[in-house]
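Please read the structure below before turning to the comments.
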Amino acid sequence: MGLDARRTTARSDAPKRPAATRGGAPDARQDAIRYDFLDDEVVRRRARALDQLERYELIPADDLRARQRFLQEHLFGSLGLDADVRQGFRCERGDNIHAGSHLVVDMGCTILDAAPVWLGDWVIMGPHVLVSTVNHPLSPSQRRQRQATATPVRIGSDVWIGGNATILPSVTIGDNVVIGAGAVVTKDIPANSLALGVPARVVRTLEDDRPAR
């Protein structure tokens, strides 16, 4: 179950999404993007995102319609219906985030979207979840050169990510998955799974009781 394009609003200036896989959503496993994390353009985009987030925080928390419209028009690359992104949200760019409908992002979450992040429908993120597409070299000399790499992250539909969990670069999480609180997801998690721990491991299979579409 991927994004429903008919119910998703995309910003006209957002980066184009890559071709979809057979399942209907883009493939997160792409070559890493290498970049200087203090490059002028990178800094400019980060500053723009922070400015938009400051404006977003000024919208009353109970005006969900206005908050959703702001995300669709000024921050996210694309967003479906019925989103609830709560106070303290932070992102690297914003326009690399592509989310379906019924998204819930609890307080204090961060998405480092130097590369694209795709979220399906009915995704819930608990407080202080981190989704990162960014990595740095193990070499100190390369880090001194401000080197970084970014690889996409894909999170399917009907995924619940518990509070303080971390999703690392290039990870793909299937549909109908629960990630336990505090887990660190370093590898792909298949659909219909409960994953716990550091690093996160699948501990049981979940029933898929979603109604047929």
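Starting from 1 in every chain, residues are counted up; chains themselves are A, B, ... following the order of the structure tokens, and ligands are numbered from 1 as listed.
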Open item on the list: Quick check for you: according to DSSP on this backbone, which residues of chain A are classed as strand (DSSP E)? Reply as a ChimeraX atom specification.
Closed with: /A:9-10,33-36,78-79,84-85,90-91,97-99,104-105,110-112,117-119,124-125,130-132,134-135,147-150,153-155,159-161,166-167,172-173,177-179,184-185,193-196,201-205
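Every protein, DNA or RNA residue with an atom at most 7 Å from Ile179 of chain A, where only C-alpha atoms count and chain neighbours fewer than 4 positions away do not, is listed here: Trp160, Ile161, Gly162, Ala183, Leu194, Ala195 and Leu196 of chain A.
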Proximity of segment 31-89 of chain A to segment 136-139 of chain A: per-residue shortest pair, 12 Å limit, only C-alpha atoms, as a Markdown table:
| residue | atom | partner | partner_atom | distance |
| --- | --- | --- | --- | --- |
| A:Ala32 | CA | A:His136 | CA | 11.3 |
| A:Ile33 | CA | A:His136 | CA | 11.4 |
| A:Arg34 | CA | A:His136 | CA | 9.6 |
| A:Tyr35 | CA | A:His136 | CA | 10.0 |
| A:Asp36 | CA | A:His136 | CA | 10.3 |
| A:Phe37 | CA | A:His136 | CA | 9.7 |
Expected file contents, prior selection, all heavy atoms, as a PDB file, in the first residue's frame:
ATOM      1  N   ALA A  32      24.407   6.679  -2.749  1.00  0.00           N
ATOM      2  CA  ALA A  32      24.532   7.772  -1.796  1.00  0.00           C
ATOM      3  C   ALA A  32      24.901   9.066  -2.511  1.00  0.00           C
ATOM      4  O   ALA A  32      25.662   9.076  -3.477  1.00  0.00           O
ATOM      5  CB  ALA A  32      25.575   7.427  -0.749  1.00  0.00           C
ATOM      6  N   ILE A  33      24.347  10.161  -2.028  1.00  0.00           N
ATOM      7  CA  ILE A  33      24.684  11.495  -2.512  1.00  0.00           C
ATOM      8  C   ILE A  33      25.790  12.037  -1.628  1.00  0.00           C
ATOM      9  O   ILE A  33      25.638  12.143  -0.402  1.00  0.00           O
ATOM     10  CB  ILE A  33      23.457  12.419  -2.439  1.00  0.00           C
ATOM     11  CG1 ILE A  33      22.291  11.848  -3.240  1.00  0.00           C
ATOM     12  CG2 ILE A  33      23.813  13.821  -2.920  1.00  0.00           C
ATOM     13  CD1 ILE A  33      20.971  12.527  -2.936  1.00  0.00           C
ATOM     14  N   ARG A  34      26.937  12.366  -2.203  1.00  0.00           N
ATOM     15  CA  ARG A  34      28.046  12.933  -1.450  1.00  0.00           C
ATOM     16  C   ARG A  34      27.984  14.453  -1.537  1.00  0.00           C
ATOM     17  O   ARG A  34      27.746  15.010  -2.596  1.00  0.00           O
ATOM     18  CB  ARG A  34      29.385  12.417  -1.979  1.00  0.00           C
ATOM     19  CG  ARG A  34      29.538  10.910  -1.847  1.00  0.00           C
ATOM     20  CD  ARG A  34      30.913  10.447  -2.304  1.00  0.00           C
ATOM     21  NE  ARG A  34      31.018   9.005  -2.211  1.00  0.00           N
ATOM     22  CZ  ARG A  34      31.359   8.347  -1.109  1.00  0.00           C
ATOM     23  NH1 ARG A  34      31.637   9.043  -0.010  1.00  0.00           N
ATOM     24  NH2 ARG A  34      31.429   7.031  -1.097  1.00  0.00           N
ATOM     25  N   TYR A  35      28.220  15.121  -0.404  1.00  0.00           N
ATOM     26  CA  TYR A  35      28.127  16.578  -0.418  1.00  0.00           C
ATOM     27  C   TYR A  35      28.916  17.180   0.743  1.00  0.00           C
ATOM     28  O   TYR A  35      29.292  16.491   1.703  1.00  0.00           O
ATOM     29  CB  TYR A  35      26.663  17.020  -0.364  1.00  0.00           C
ATOM     30  CG  TYR A  35      25.939  16.699   0.930  1.00  0.00           C
ATOM     31  CD1 TYR A  35      25.738  17.677   1.904  1.00  0.00           C
ATOM     32  CD2 TYR A  35      25.443  15.418   1.180  1.00  0.00           C
ATOM     33  CE1 TYR A  35      25.077  17.383   3.086  1.00  0.00           C
ATOM     34  CE2 TYR A  35      24.780  15.121   2.361  1.00  0.00           C
ATOM     35  CZ  TYR A  35      24.603  16.112   3.305  1.00  0.00           C
ATOM     36  OH  TYR A  35      23.958  15.819   4.486  1.00  0.00           O
ATOM     37  N   ASP A  36      29.165  18.477   0.629  1.00  0.00           N
ATOM     38  CA  ASP A  36      29.790  19.281   1.681  1.00  0.00           C
ATOM     39  C   ASP A  36      28.656  19.852   2.534  1.00  0.00           C
ATOM     40  O   ASP A  36      27.842  20.628   2.039  1.00  0.00           O
ATOM     41  CB  ASP A  36      30.603  20.402   1.026  1.00  0.00           C
ATOM     42  CG  ASP A  36      31.232  21.371   2.020  1.00  0.00           C
ATOM     43  OD1 ASP A  36      30.840  21.357   3.209  1.00  0.00           O
ATOM     44  OD2 ASP A  36      32.084  22.169   1.606  1.00  0.00           O
ATOM     45  N   PHE A  37      28.599  19.462   3.820  1.00  0.00           N
ATOM     46  CA  PHE A  37      27.439  19.860   4.615  1.00  0.00           C
ATOM     47  C   PHE A  37      27.462  21.325   5.030  1.00  0.00           C
ATOM     48  O   PHE A  37      26.496  21.822   5.617  1.00  0.00           O
ATOM     49  CB  PHE A  37      27.279  18.952   5.848  1.00  0.00           C
ATOM     50  CG  PHE A  37      28.433  18.950   6.813  1.00  0.00           C
ATOM     51  CD1 PHE A  37      28.569  19.939   7.772  1.00  0.00           C
ATOM     52  CD2 PHE A  37      29.361  17.922   6.775  1.00  0.00           C
ATOM     53  CE1 PHE A  37      29.617  19.918   8.677  1.00  0.00           C
ATOM     54  CE2 PHE A  37      30.414  17.890   7.677  1.00  0.00           C
ATOM     55  CZ  PHE A  37      30.551  18.891   8.633  1.00  0.00           C
TER      56      PHE A  37
END
Counting only C-alpha atoms, closest pick from A:Arg86, A:Arg201, A:Arg67, A:Arg154 relative to Arg55 of chain A is A:Arg67
Arg90 of chain A proximity check over A:Ala148, A:Val104, A:Ala49, A:Leu58, using only C-alpha atoms: winner is A:Ala49
Residue neighbourhood Phe89 of chain A, 9 Å, only C-alpha atoms, exclusion window fewer than 6 positions, as a PyMOL selection string
chain A and resi 53+57+105-111+128
Between atom CA of Arg93 of chain A and atom CA of Ala165 of chain A lies a distance of 20.8 Å
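Closest approach to Ser78 of chain A from the set A:Val131, A:Ala61, A:Leu119, A:Val178 is made by A:Leu119, with distances taken over only C-alpha atoms.
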Could you go through segment 13-130 of chain A and tell me which residues DSSP, when run on the backbone, assigns to helix (DSSP H, G or I), listing them as a compact mmCIF listing (two decimals) with all heavy atoms, in the first residue's frame?
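In the end it all went to out_38.txt:
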# COMPACT_ATOMS: atom_id res chain seq x y z
N ASP A 40 27.44 26.42 0.51
CA ASP A 40 26.56 27.59 0.58
C ASP A 40 25.10 27.23 0.29
O ASP A 40 24.18 27.69 0.96
CB ASP A 40 27.02 28.67 -0.40
CG ASP A 40 28.31 29.35 0.06
OD1 ASP A 40 28.69 29.20 1.24
OD2 ASP A 40 28.94 30.04 -0.78
N GLU A 41 24.89 26.39 -0.74
CA GLU A 41 23.52 26.03 -1.10
C GLU A 41 22.88 25.16 -0.02
O GLU A 41 21.69 25.32 0.30
CB GLU A 41 23.52 25.28 -2.44
CG GLU A 41 22.16 24.83 -2.91
CD GLU A 41 21.22 25.98 -3.25
OE1 GLU A 41 21.71 27.12 -3.37
OE2 GLU A 41 20.01 25.74 -3.39
N VAL A 42 23.65 24.25 0.57
CA VAL A 42 23.13 23.41 1.64
C VAL A 42 22.74 24.27 2.84
O VAL A 42 21.67 24.09 3.43
CB VAL A 42 24.17 22.35 2.05
CG1 VAL A 42 23.72 21.58 3.28
CG2 VAL A 42 24.42 21.38 0.89
N VAL A 43 23.59 25.21 3.19
CA VAL A 43 23.29 26.10 4.32
C VAL A 43 22.06 26.94 4.03
O VAL A 43 21.21 27.15 4.90
CB VAL A 43 24.51 26.99 4.63
CG1 VAL A 43 24.15 28.07 5.65
CG2 VAL A 43 25.67 26.13 5.14
N ARG A 44 21.95 27.42 2.78
CA ARG A 44 20.78 28.24 2.42
C ARG A 44 19.50 27.44 2.55
O ARG A 44 18.50 27.94 3.10
CB ARG A 44 20.94 28.75 0.98
CG ARG A 44 19.84 29.72 0.54
CD ARG A 44 19.89 30.00 -0.94
NE ARG A 44 19.56 28.82 -1.72
CZ ARG A 44 18.30 28.40 -1.93
NH1 ARG A 44 17.26 29.06 -1.40
NH2 ARG A 44 18.07 27.33 -2.66
N ARG A 45 19.48 26.20 2.07
CA ARG A 45 18.28 25.38 2.16
C ARG A 45 17.92 25.07 3.61
O ARG A 45 16.75 25.06 4.00
CB ARG A 45 18.47 24.09 1.38
CG ARG A 45 18.46 24.28 -0.13
CD ARG A 45 18.80 22.99 -0.85
NE ARG A 45 18.64 23.14 -2.29
CZ ARG A 45 19.05 22.23 -3.17
NH1 ARG A 45 19.63 21.12 -2.74
NH2 ARG A 45 18.87 22.43 -4.46
N ARG A 46 18.95 24.81 4.42
CA ARG A 46 18.70 24.53 5.83
C ARG A 46 18.11 25.76 6.53
O ARG A 46 17.17 25.65 7.32
CB ARG A 46 20.00 24.11 6.51
CG ARG A 46 19.84 23.62 7.94
CD ARG A 46 21.17 23.26 8.56
NE ARG A 46 21.85 22.22 7.79
CZ ARG A 46 23.06 22.34 7.27
NH1 ARG A 46 23.74 23.46 7.42
NH2 ARG A 46 23.60 21.35 6.60
N ALA A 47 18.64 26.93 6.21
CA ALA A 47 18.14 28.17 6.81
C ALA A 47 16.70 28.44 6.38
O ALA A 47 15.88 28.89 7.19
CB ALA A 47 19.04 29.34 6.43
N ARG A 48 16.40 28.16 5.11
CA ARG A 48 15.02 28.35 4.64
C ARG A 48 14.06 27.44 5.39
O ARG A 48 12.98 27.86 5.81
CB ARG A 48 14.94 28.06 3.14
CG ARG A 48 13.52 28.20 2.59
CD ARG A 48 13.36 27.52 1.24
NE ARG A 48 11.94 27.49 0.88
CZ ARG A 48 11.07 26.60 1.34
NH1 ARG A 48 11.46 25.66 2.19
NH2 ARG A 48 9.80 26.65 0.98
N ALA A 49 14.46 26.17 5.59
CA ALA A 49 13.60 25.24 6.32
C ALA A 49 13.36 25.72 7.74
O ALA A 49 12.24 25.68 8.26
CB ALA A 49 14.21 23.84 6.31
N LEU A 50 14.41 26.18 8.41
CA LEU A 50 14.25 26.66 9.78
C LEU A 50 13.33 27.87 9.84
O LEU A 50 12.52 28.01 10.76
CB LEU A 50 15.62 27.01 10.37
CG LEU A 50 16.53 25.81 10.68
CD1 LEU A 50 17.92 26.29 11.08
CD2 LEU A 50 15.92 24.96 11.78
N ASP A 51 13.44 28.75 8.84
CA ASP A 51 12.55 29.91 8.79
C ASP A 51 11.10 29.48 8.63
O ASP A 51 10.20 30.00 9.32
CB ASP A 51 12.97 30.82 7.63
CG ASP A 51 12.07 32.03 7.49
OD1 ASP A 51 12.07 32.88 8.41
OD2 ASP A 51 11.33 32.12 6.48
N GLN A 52 10.84 28.53 7.74
CA GLN A 52 9.47 28.04 7.54
C GLN A 52 8.96 27.33 8.80
O GLN A 52 7.77 27.46 9.16
CB GLN A 52 9.42 27.08 6.35
CG GLN A 52 9.80 27.70 5.02
CD GLN A 52 8.83 28.78 4.57
OE1 GLN A 52 7.76 28.96 5.13
NE2 GLN A 52 9.20 29.52 3.54
N LEU A 53 9.82 26.61 9.49
CA LEU A 53 9.40 25.93 10.72
C LEU A 53 9.05 26.93 11.82
O LEU A 53 8.11 26.70 12.59
CB LEU A 53 10.52 25.00 11.20
CG LEU A 53 10.71 23.74 10.35
CD1 LEU A 53 12.03 23.07 10.68
CD2 LEU A 53 9.55 22.76 10.56
N GLU A 54 9.77 28.04 11.88
CA GLU A 54 9.42 29.08 12.85
C GLU A 54 8.04 29.65 12.54
O GLU A 54 7.24 29.91 13.45
CB GLU A 54 10.48 30.17 12.85
CG GLU A 54 11.80 29.74 13.47
CD GLU A 54 12.85 30.84 13.41
OE1 GLU A 54 12.54 31.93 12.86
OE2 GLU A 54 13.97 30.60 13.89
N ARG A 55 7.74 29.85 11.27
CA ARG A 55 6.42 30.33 10.88
C ARG A 55 5.34 29.29 11.21
O ARG A 55 4.26 29.64 11.68
CB ARG A 55 6.39 30.64 9.38
CG ARG A 55 7.26 31.81 8.96
CD ARG A 55 7.28 31.95 7.45
NE ARG A 55 5.94 32.13 6.90
CZ ARG A 55 5.62 31.97 5.62
NH1 ARG A 55 6.56 31.60 4.76
NH2 ARG A 55 4.40 32.16 5.21
N TYR A 56 5.67 28.02 10.98
CA TYR A 56 4.71 26.95 11.26
C TYR A 56 4.34 26.91 12.74
O TYR A 56 3.18 26.70 13.10
CB TYR A 56 5.31 25.62 10.82
CG TYR A 56 4.44 24.41 11.05
CD1 TYR A 56 3.29 24.22 10.29
CD2 TYR A 56 4.76 23.46 12.01
CE1 TYR A 56 2.48 23.11 10.49
CE2 TYR A 56 3.97 22.35 12.21
CZ TYR A 56 2.82 22.18 11.45
OH TYR A 56 2.03 21.08 11.66
N GLU A 57 5.32 27.13 13.61
CA GLU A 57 5.07 27.08 15.05
C GLU A 57 4.12 28.18 15.51
O GLU A 57 3.52 28.07 16.59
CB GLU A 57 6.39 27.19 15.81
CG GLU A 57 7.29 25.98 15.67
CD GLU A 57 6.78 24.75 16.42
OE1 GLU A 57 5.99 24.93 17.37
OE2 GLU A 57 7.16 23.63 16.06
N LEU A 64 -5.73 22.60 12.74
CA LEU A 64 -5.07 21.56 11.96
C LEU A 64 -5.16 21.81 10.46
O LEU A 64 -4.24 21.47 9.70
CB LEU A 64 -5.66 20.19 12.30
CG LEU A 64 -5.45 19.72 13.74
CD1 LEU A 64 -6.07 18.34 13.95
CD2 LEU A 64 -3.98 19.69 14.10
N ARG A 65 -6.27 22.42 10.04
CA ARG A 65 -6.42 22.68 8.60
C ARG A 65 -5.38 23.68 8.12
O ARG A 65 -4.73 23.49 7.08
CB ARG A 65 -7.83 23.20 8.31
CG ARG A 65 -8.09 23.48 6.83
CD ARG A 65 -9.54 23.82 6.59
NE ARG A 65 -10.44 22.72 6.96
CZ ARG A 65 -11.76 22.78 6.87
NH1 ARG A 65 -12.35 23.88 6.41
NH2 ARG A 65 -12.49 21.74 7.21
N ALA A 66 -5.17 24.77 8.89
CA ALA A 66 -4.17 25.77 8.51
C ALA A 66 -2.76 25.20 8.58
O ALA A 66 -1.91 25.50 7.73
CB ALA A 66 -4.29 27.00 9.41
N ARG A 67 -2.50 24.37 9.58
CA ARG A 67 -1.18 23.78 9.71
C ARG A 67 -0.89 22.83 8.54
O ARG A 67 0.21 22.83 7.98
CB ARG A 67 -1.06 23.05 11.05
CG ARG A 67 -1.06 24.01 12.24
CD ARG A 67 -1.19 23.28 13.57
NE ARG A 67 0.01 22.56 13.93
CZ ARG A 67 1.05 23.08 14.57
NH1 ARG A 67 1.05 24.37 14.90
NH2 ARG A 67 2.10 22.35 14.88
N GLN A 68 -1.89 22.03 8.16
CA GLN A 68 -1.71 21.14 7.01
C GLN A 68 -1.47 21.93 5.73
O GLN A 68 -0.58 21.59 4.94
CB GLN A 68 -2.94 20.24 6.83
CG GLN A 68 -3.03 19.59 5.47
CD GLN A 68 -3.35 18.13 5.52
OE1 GLN A 68 -3.40 17.52 6.57
NE2 GLN A 68 -3.57 17.55 4.37
N ARG A 69 -2.25 22.97 5.52
CA ARG A 69 -2.09 23.77 4.31
C ARG A 69 -0.69 24.39 4.24
O ARG A 69 -0.06 24.43 3.18
CB ARG A 69 -3.16 24.86 4.27
CG ARG A 69 -3.14 25.67 2.97
CD ARG A 69 -4.40 26.50 2.84
NE ARG A 69 -4.56 27.44 3.95
CZ ARG A 69 -5.50 27.34 4.89
NH1 ARG A 69 -6.38 26.35 4.85
NH2 ARG A 69 -5.57 28.24 5.85
N PHE A 70 -0.18 24.84 5.39
CA PHE A 70 1.17 25.42 5.41
C PHE A 70 2.21 24.37 5.03
O PHE A 70 3.12 24.64 4.23
CB PHE A 70 1.48 25.99 6.79
CG PHE A 70 2.79 26.71 6.85
CD1 PHE A 70 2.85 28.07 6.62
CD2 PHE A 70 3.97 26.02 7.13
CE1 PHE A 70 4.07 28.74 6.66
CE2 PHE A 70 5.19 26.68 7.16
CZ PHE A 70 5.25 28.05 6.93
N LEU A 71 2.10 23.17 5.59
CA LEU A 71 3.05 22.11 5.25
C LEU A 71 3.00 21.78 3.76
O LEU A 71 4.05 21.59 3.12
CB LEU A 71 2.75 20.86 6.06
CG LEU A 71 2.99 20.93 7.57
CD1 LEU A 71 2.50 19.67 8.25
CD2 LEU A 71 4.47 21.17 7.88
N GLN A 72 1.80 21.72 3.19
CA GLN A 72 1.65 21.39 1.78
C GLN A 72 2.22 22.48 0.88
O GLN A 72 2.84 22.19 -0.15
CB GLN A 72 0.17 21.19 1.44
CG GLN A 72 -0.42 19.91 2.03
CD GLN A 72 -1.91 19.81 1.79
OE1 GLN A 72 -2.61 20.82 1.78
NE2 GLN A 72 -2.40 18.59 1.61
N GLU A 73 2.04 23.74 1.27
CA GLU A 73 2.39 24.84 0.38
C GLU A 73 3.80 25.38 0.60
O GLU A 73 4.39 25.96 -0.33
CB GLU A 73 1.39 25.98 0.56
CG GLU A 73 -0.03 25.61 0.13
CD GLU A 73 -1.03 26.74 0.37
OE1 GLU A 73 -0.62 27.79 0.93
OE2 GLU A 73 -2.21 26.57 0.02
N HIS A 74 4.36 25.19 1.80
CA HIS A 74 5.61 25.87 2.11
C HIS A 74 6.74 24.98 2.62
O HIS A 74 7.87 25.46 2.72
CB HIS A 74 5.35 26.95 3.18
CG HIS A 74 4.36 27.99 2.77
ND1 HIS A 74 4.63 28.93 1.79
CD2 HIS A 74 3.09 28.21 3.18
CE1 HIS A 74 3.57 29.72 1.64
NE2 HIS A 74 2.62 29.29 2.45
N LEU A 75 6.47 23.72 2.96
CA LEU A 75 7.54 22.94 3.58
C LEU A 75 7.73 21.57 2.93
O LEU A 75 8.78 21.31 2.33
CB LEU A 75 7.27 22.78 5.08
CG LEU A 75 8.45 22.25 5.90
CD1 LEU A 75 9.65 23.19 5.80
CD2 LEU A 75 8.06 22.05 7.36
From atom CA of Pro169 of chain A to atom CA of Val153 of chain A the spacing works out at 6.0 Å
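The shortest atom-to-atom distance to Val129 of chain A, with only C-alpha atoms taken into account, belongs to A:Leu112 out of A:Leu112, A:Val198, A:Ala191, A:Ile173.
Across the model, the gap from atom CA of Asp39 of chain A to atom CA of Asn135 of chain A is 15.8 Å.
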